[in-house]
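Some notes on the structure that comes next.
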Amino acid sequence: MTMVRRGNGQLRTRERADTPSGGLDLRGVEGLCTSEVEARLDVVTPGLTASVPWLMAGQDTGPTPAVPAGLCASAKSAREMTRGKDVGLAVAWAEEALDEAPCRHDPLCVWRALVTLVSAGELVTVDEQCARLVEDVEPGPFTRAQRRSMMLRARARVARHTGDLPGARRILGELIESDVSQNVRLLGVSWLVDVLLEEGAIDEAVDLMADSGLERAAQQWLMCRPMLLSARAAVRLATGDADTGFQDFLQAERLFEGQRMSNRAMLLCPTQISLAAKATRRDELAARIAGQVLLRARGWGEPRVLGMALSTLATVEDGPDACAQLTEAAELLEVGGARSELITVNQELARRLAARDDVAGARWRIGQAVGIAKEIGAHGRAQNLRAEFGGMTDSVRLTKQESRVASLARGGHSNEQIAGKLGLSLRGIEFHLSNVYRKLGVRGRRGLRDALGEEVAGRQM
Ligand SMILES: [Zn+2]
């Protein structure tokens, strides 16, 4: 594989002018610390994605070209990111780019480093550093509005990845309303659609898609078209139109592949096409795609994408290990701080636990899912959870006496000890405990730990 797909200078110029998918207009950046090699790298990294044939081809990337001499630290970080193999090295180059001249003064280099860090899950650094794009760089050919738009996009990704959905909504609203190109605006709209769907605000997502021109733009030839198609596909999937949704995803994948976009961290959910395949009863394809996504996610190792990939594979395969895989996915998403995705995984786990009569386990997972949904402002999803799981989402009402008994039992006290502590008869304790077990849907003491989370037990004492 060569770094430059097209040797024709004219094509290259046109492509550079038309490469808005990440929102960056690369015209006239040669004067910065952008060497000729690097400029050519940017031709195939529109908006800093690229260089790896992906997914539908089902092929690995083949031999990796050596880093061309003369690349600056930020370009090297972008290279490592698109290779998707060595997250540590990518982060090291990105950090060097943010710390050291000349990259640290160059908006394009700072942006590249930030994109790399977002896709590596280094969100705290991104959050701390992105304001520099506006305040602390040599502007070069970039206007303040362009640099501000880069900053907003970086902030929007941080908010989305950490499940700060109200924050992501606000930032993207600001981006869309500000002085940006049509392509950046449409990119912002497609990200906002994704946020609305995560919130469970499906009607709003449908309206936004129609009002913003996304629906129409998705028919046109734009570099950001695969992202628009992905957003439209996600809406169609959410509204129950899985067939056309799957077709949209398929088309988006082919375009991503054609553009050599690989790293989805700046894009939309990388695993949705697999879920769409499953929803249209293409079970084998769904599992194959999920397997490929997981393989790539393991190569990169960022916990959020890895957790999503694992949970998707577990969901579409639904094999005997599904619960174990989903539990591992939940742990990864916890590590990655990916709260919105945690709702989905807990929901999937609850379904499976309920199906095998593990009422206490299911109830606990649902409690987690509803709790997170409320915390991140995903009210539509909290509502859906209540609709699906009914009584399981209600907080269990124990009497004061039952709470005391349950809490002591959970803490390892025997019935005799509890009776002694509370000044009640042994029979009374047995009576209270059997009520507690019934209300919580657990069979005995061992179920209390799961059924009564720390917080519940503490509060009810
Ligand atoms: Zn640089």
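Ordering of the structure tokens sets the chain letters (A, B, ...), residue numbers begin anew at 1 in every chain, and ligands are numbered from 1 in the order given.
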**Request:** All residues within 8 Å of ligand 1 are required, counting only C-alpha atoms and all ligand atoms; please report them as an NGL selection string.
**Result:** :A and (33-34 or 71-75 or 97 or 101-104 or 106 or 108-110)
Export of prior selection with N, CA and C atoms as a JSON list (two decimals), in the first residue's frame:
[["chain", "number", "residue", "atom", "x", "y", "z"],
["A", 33, "CYS", "N", 4.27, 23.99, 9.40],
["A", 33, "CYS", "CA", 5.34, 23.00, 9.51],
["A", 33, "CYS", "C", 5.00, 21.76, 8.71],
["A", 34, "THR", "N", 4.25, 21.98, 7.63],
["A", 34, "THR", "CA", 3.79, 20.88, 6.82],
["A", 34, "THR", "C", 4.76, 20.65, 5.67],
["A", 71, "LEU", "N", 8.49, 13.78, 8.58],
["A", 71, "LEU", "CA", 7.19, 13.98, 9.19],
["A", 71, "LEU", "C", 7.35, 14.60, 10.58],
["A", 72, "CYS", "N", 6.50, 15.54, 10.89],
["A", 72, "CYS", "CA", 6.57, 16.11, 12.23],
["A", 72, "CYS", "C", 5.83, 15.20, 13.22],
["A", 73, "ALA", "N", 5.96, 15.51, 14.51],
["A", 73, "ALA", "CA", 5.40, 14.64, 15.54],
["A", 73, "ALA", "C", 3.90, 14.43, 15.37],
["A", 74, "SER", "N", 3.18, 15.48, 15.03],
["A", 74, "SER", "CA", 1.72, 15.34, 14.91],
["A", 74, "SER", "C", 1.36, 14.44, 13.74],
["A", 75, "ALA", "N", 2.13, 14.54, 12.65],
["A", 75, "ALA", "CA", 1.86, 13.68, 11.49],
["A", 75, "ALA", "C", 2.16, 12.23, 11.84],
["A", 97, "ALA", "N", 3.77, 16.47, 20.14],
["A", 97, "ALA", "CA", 3.29, 17.53, 19.26],
["A", 97, "ALA", "C", 2.66, 18.67, 20.06],
["A", 101, "ALA", "N", 7.71, 22.75, 20.04],
["A", 101, "ALA", "CA", 7.73, 23.46, 18.76],
["A", 101, "ALA", "C", 8.35, 22.54, 17.71],
["A", 102, "PRO", "N", 8.00, 22.66, 16.43],
["A", 102, "PRO", "CA", 7.06, 23.66, 15.91],
["A", 102, "PRO", "C", 5.60, 23.25, 16.01],
["A", 103, "CYS", "N", 5.33, 21.96, 16.25],
["A", 103, "CYS", "CA", 3.94, 21.50, 16.20],
["A", 103, "CYS", "C", 3.03, 22.28, 17.15],
["A", 104, "ARG", "N", 3.53, 22.55, 18.37],
["A", 104, "ARG", "CA", 2.63, 23.12, 19.37],
["A", 104, "ARG", "C", 2.07, 24.48, 18.98],
["A", 106, "ASP", "N", 1.26, 25.22, 15.77],
["A", 106, "ASP", "CA", 0.61, 25.06, 14.47],
["A", 106, "ASP", "C", -0.80, 24.48, 14.65],
["A", 108, "LEU", "N", -2.94, 23.13, 12.71],
["A", 108, "LEU", "CA", -3.17, 21.84, 12.06],
["A", 108, "LEU", "C", -2.54, 20.71, 12.87],
["A", 109, "CYS", "N", -1.33, 20.96, 13.37],
["A", 109, "CYS", "CA", -0.62, 19.93, 14.16],
["A", 109, "CYS", "C", -1.33, 19.70, 15.50],
["A", 110, "VAL", "N", -1.76, 20.77, 16.14],
["A", 110, "VAL", "CA", -2.48, 20.63, 17.41],
["A", 110, "VAL", "C", -3.75, 19.82, 17.18]]
**Residue nearest Gly245 in chain A - candidates A:His105, A:His379, A:Arg232, A:Lys278, atoms counted: only C-alpha atoms** = A:Arg232
**Request:** Find the spatial neighbours of Leu313 in chain A, counting only C-alpha atoms, within a cut-off of 7 Å - ignore same-chain residues fewer than 6 positions away - and output them as a list in words.
**Result:** Ala287, Ala290 and Gly291 of chain A
**Pairwise distance for CA of Ala324 in chain A and CA of Gly412 in chain A, rounded to one decimal in Å** = 27.3 Å
**Request:** Could you tell me which of A:Ala231, A:Ala238, A:Arg132, A:Leu342 comes closest to Gly371 in chain A if we count only C-alpha atoms?
**Result:**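 With only C-alpha atoms as the atom set, the closest residue is A:Leu342.
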**Request:** Return the single residue from A:Pro303, A:Gly420, A:Gly167, A:Pro139 that is closest to Glu334 in chain A, with distances computed using only C-alpha atoms.
**Result:**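 Residue with the minimum atom-to-atom distance to Glu334 in chain A: A:Pro303.
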**Message:** For Phe249 in chain A, find every residue with an atom within 7 Å (counting only C-alpha atoms), except residues of its own chain fewer than 4 positions away, and show them as number ranges by chain.
**Reply:** A: 229-230, 233, 245, 253, 273
Please write the residues from the selection above to a file, keeping C-alpha atoms, as a PDB file, in the first residue's frame.
ATOM      1  CA  LEU A 229     -25.487   8.186   5.448  1.00  0.00           C
ATOM      2  CA  SER A 230     -24.453   6.643   8.776  1.00  0.00           C
ATOM      3  CA  ALA A 233     -29.049   4.836   8.762  1.00  0.00           C
ATOM      4  CA  GLY A 245     -31.063   1.530   7.392  1.00  0.00           C
ATOM      5  CA  GLU A 253     -19.116   1.572   4.516  1.00  0.00           C
ATOM      6  CA  ILE A 273     -23.772  -1.821  10.779  1.00  0.00           C
TER       7      ILE A 273
END
**Asked** Running DSSP on the backbone, which parts of range 77-118 of chain A land in alpha helix (DSSP H), as number ranges by chain?
**Response** A: 77-83, 87-99, 107-118
Considering only C-alpha atoms, return as a PDB file with N, CA and C atoms, in the first residue's frame whatever protein or nucleic-acid residues lie within 8 Å of Leu172 in chain A, sequence-local ones (same chain, fewer than 3 positions apart) excluded.
ATOM      1  N   LEU A 152     -14.495  23.228  18.953  1.00  0.00           N
ATOM      2  CA  LEU A 152     -15.838  22.745  19.285  1.00  0.00           C
ATOM      3  C   LEU A 152     -15.998  21.277  18.912  1.00  0.00           C
ATOM      4  N   ARG A 153     -15.413  20.892  17.774  1.00  0.00           N
ATOM      5  CA  ARG A 153     -15.529  19.495  17.371  1.00  0.00           C
ATOM      6  C   ARG A 153     -14.804  18.575  18.357  1.00  0.00           C
ATOM      7  N   ALA A 156     -16.889  18.408  21.439  1.00  0.00           N
ATOM      8  CA  ALA A 156     -18.104  17.611  21.215  1.00  0.00           C
ATOM      9  C   ALA A 156     -17.795  16.121  21.322  1.00  0.00           C
ATOM     10  N   ALA A 168     -22.778  17.586  24.892  1.00  0.00           N
ATOM     11  CA  ALA A 168     -22.550  17.356  23.462  1.00  0.00           C
ATOM     12  C   ALA A 168     -23.611  18.071  22.635  1.00  0.00           C
ATOM     13  N   ARG A 169     -24.839  18.027  23.103  1.00  0.00           N
ATOM     14  CA  ARG A 169     -25.946  18.675  22.395  1.00  0.00           C
ATOM     15  C   ARG A 169     -25.716  20.185  22.310  1.00  0.00           C
ATOM     16  N   LEU A 175     -21.848  24.746  17.330  1.00  0.00           N
ATOM     17  CA  LEU A 175     -21.063  24.536  16.099  1.00  0.00           C
ATOM     18  C   LEU A 175     -21.920  24.753  14.860  1.00  0.00           C
ATOM     19  N   ILE A 176     -23.107  24.177  14.872  1.00  0.00           N
ATOM     20  CA  ILE A 176     -23.985  24.245  13.705  1.00  0.00           C
ATOM     21  C   ILE A 176     -24.422  25.685  13.420  1.00  0.00           C
ATOM     22  N   GLY A 188     -21.555  18.387  11.886  1.00  0.00           N
ATOM     23  CA  GLY A 188     -22.115  18.672  13.212  1.00  0.00           C
ATOM     24  C   GLY A 188     -23.527  18.123  13.341  1.00  0.00           C
ATOM     25  N   VAL A 189     -24.309  18.269  12.279  1.00  0.00           N
ATOM     26  CA  VAL A 189     -25.682  17.750  12.310  1.00  0.00           C
ATOM     27  C   VAL A 189     -25.674  16.234  12.469  1.00  0.00           C
ATOM     28  N   TRP A 191     -23.442  14.375  13.831  1.00  0.00           N
ATOM     29  CA  TRP A 191     -23.049  14.041  15.217  1.00  0.00           C
ATOM     30  C   TRP A 191     -24.196  14.330  16.180  1.00  0.00           C
ATOM     31  N   LEU A 192     -24.931  15.416  15.919  1.00  0.00           N
ATOM     32  CA  LEU A 192     -26.049  15.760  16.804  1.00  0.00           C
ATOM     33  C   LEU A 192     -27.162  14.714  16.698  1.00  0.00           C
TER      34      LEU A 192
END
**From A:Met81, A:Ala297, A:Ile418, A:Ile343, residue lying nearest Ile372 in chain A [only C-alpha atoms]** = A:Ile343
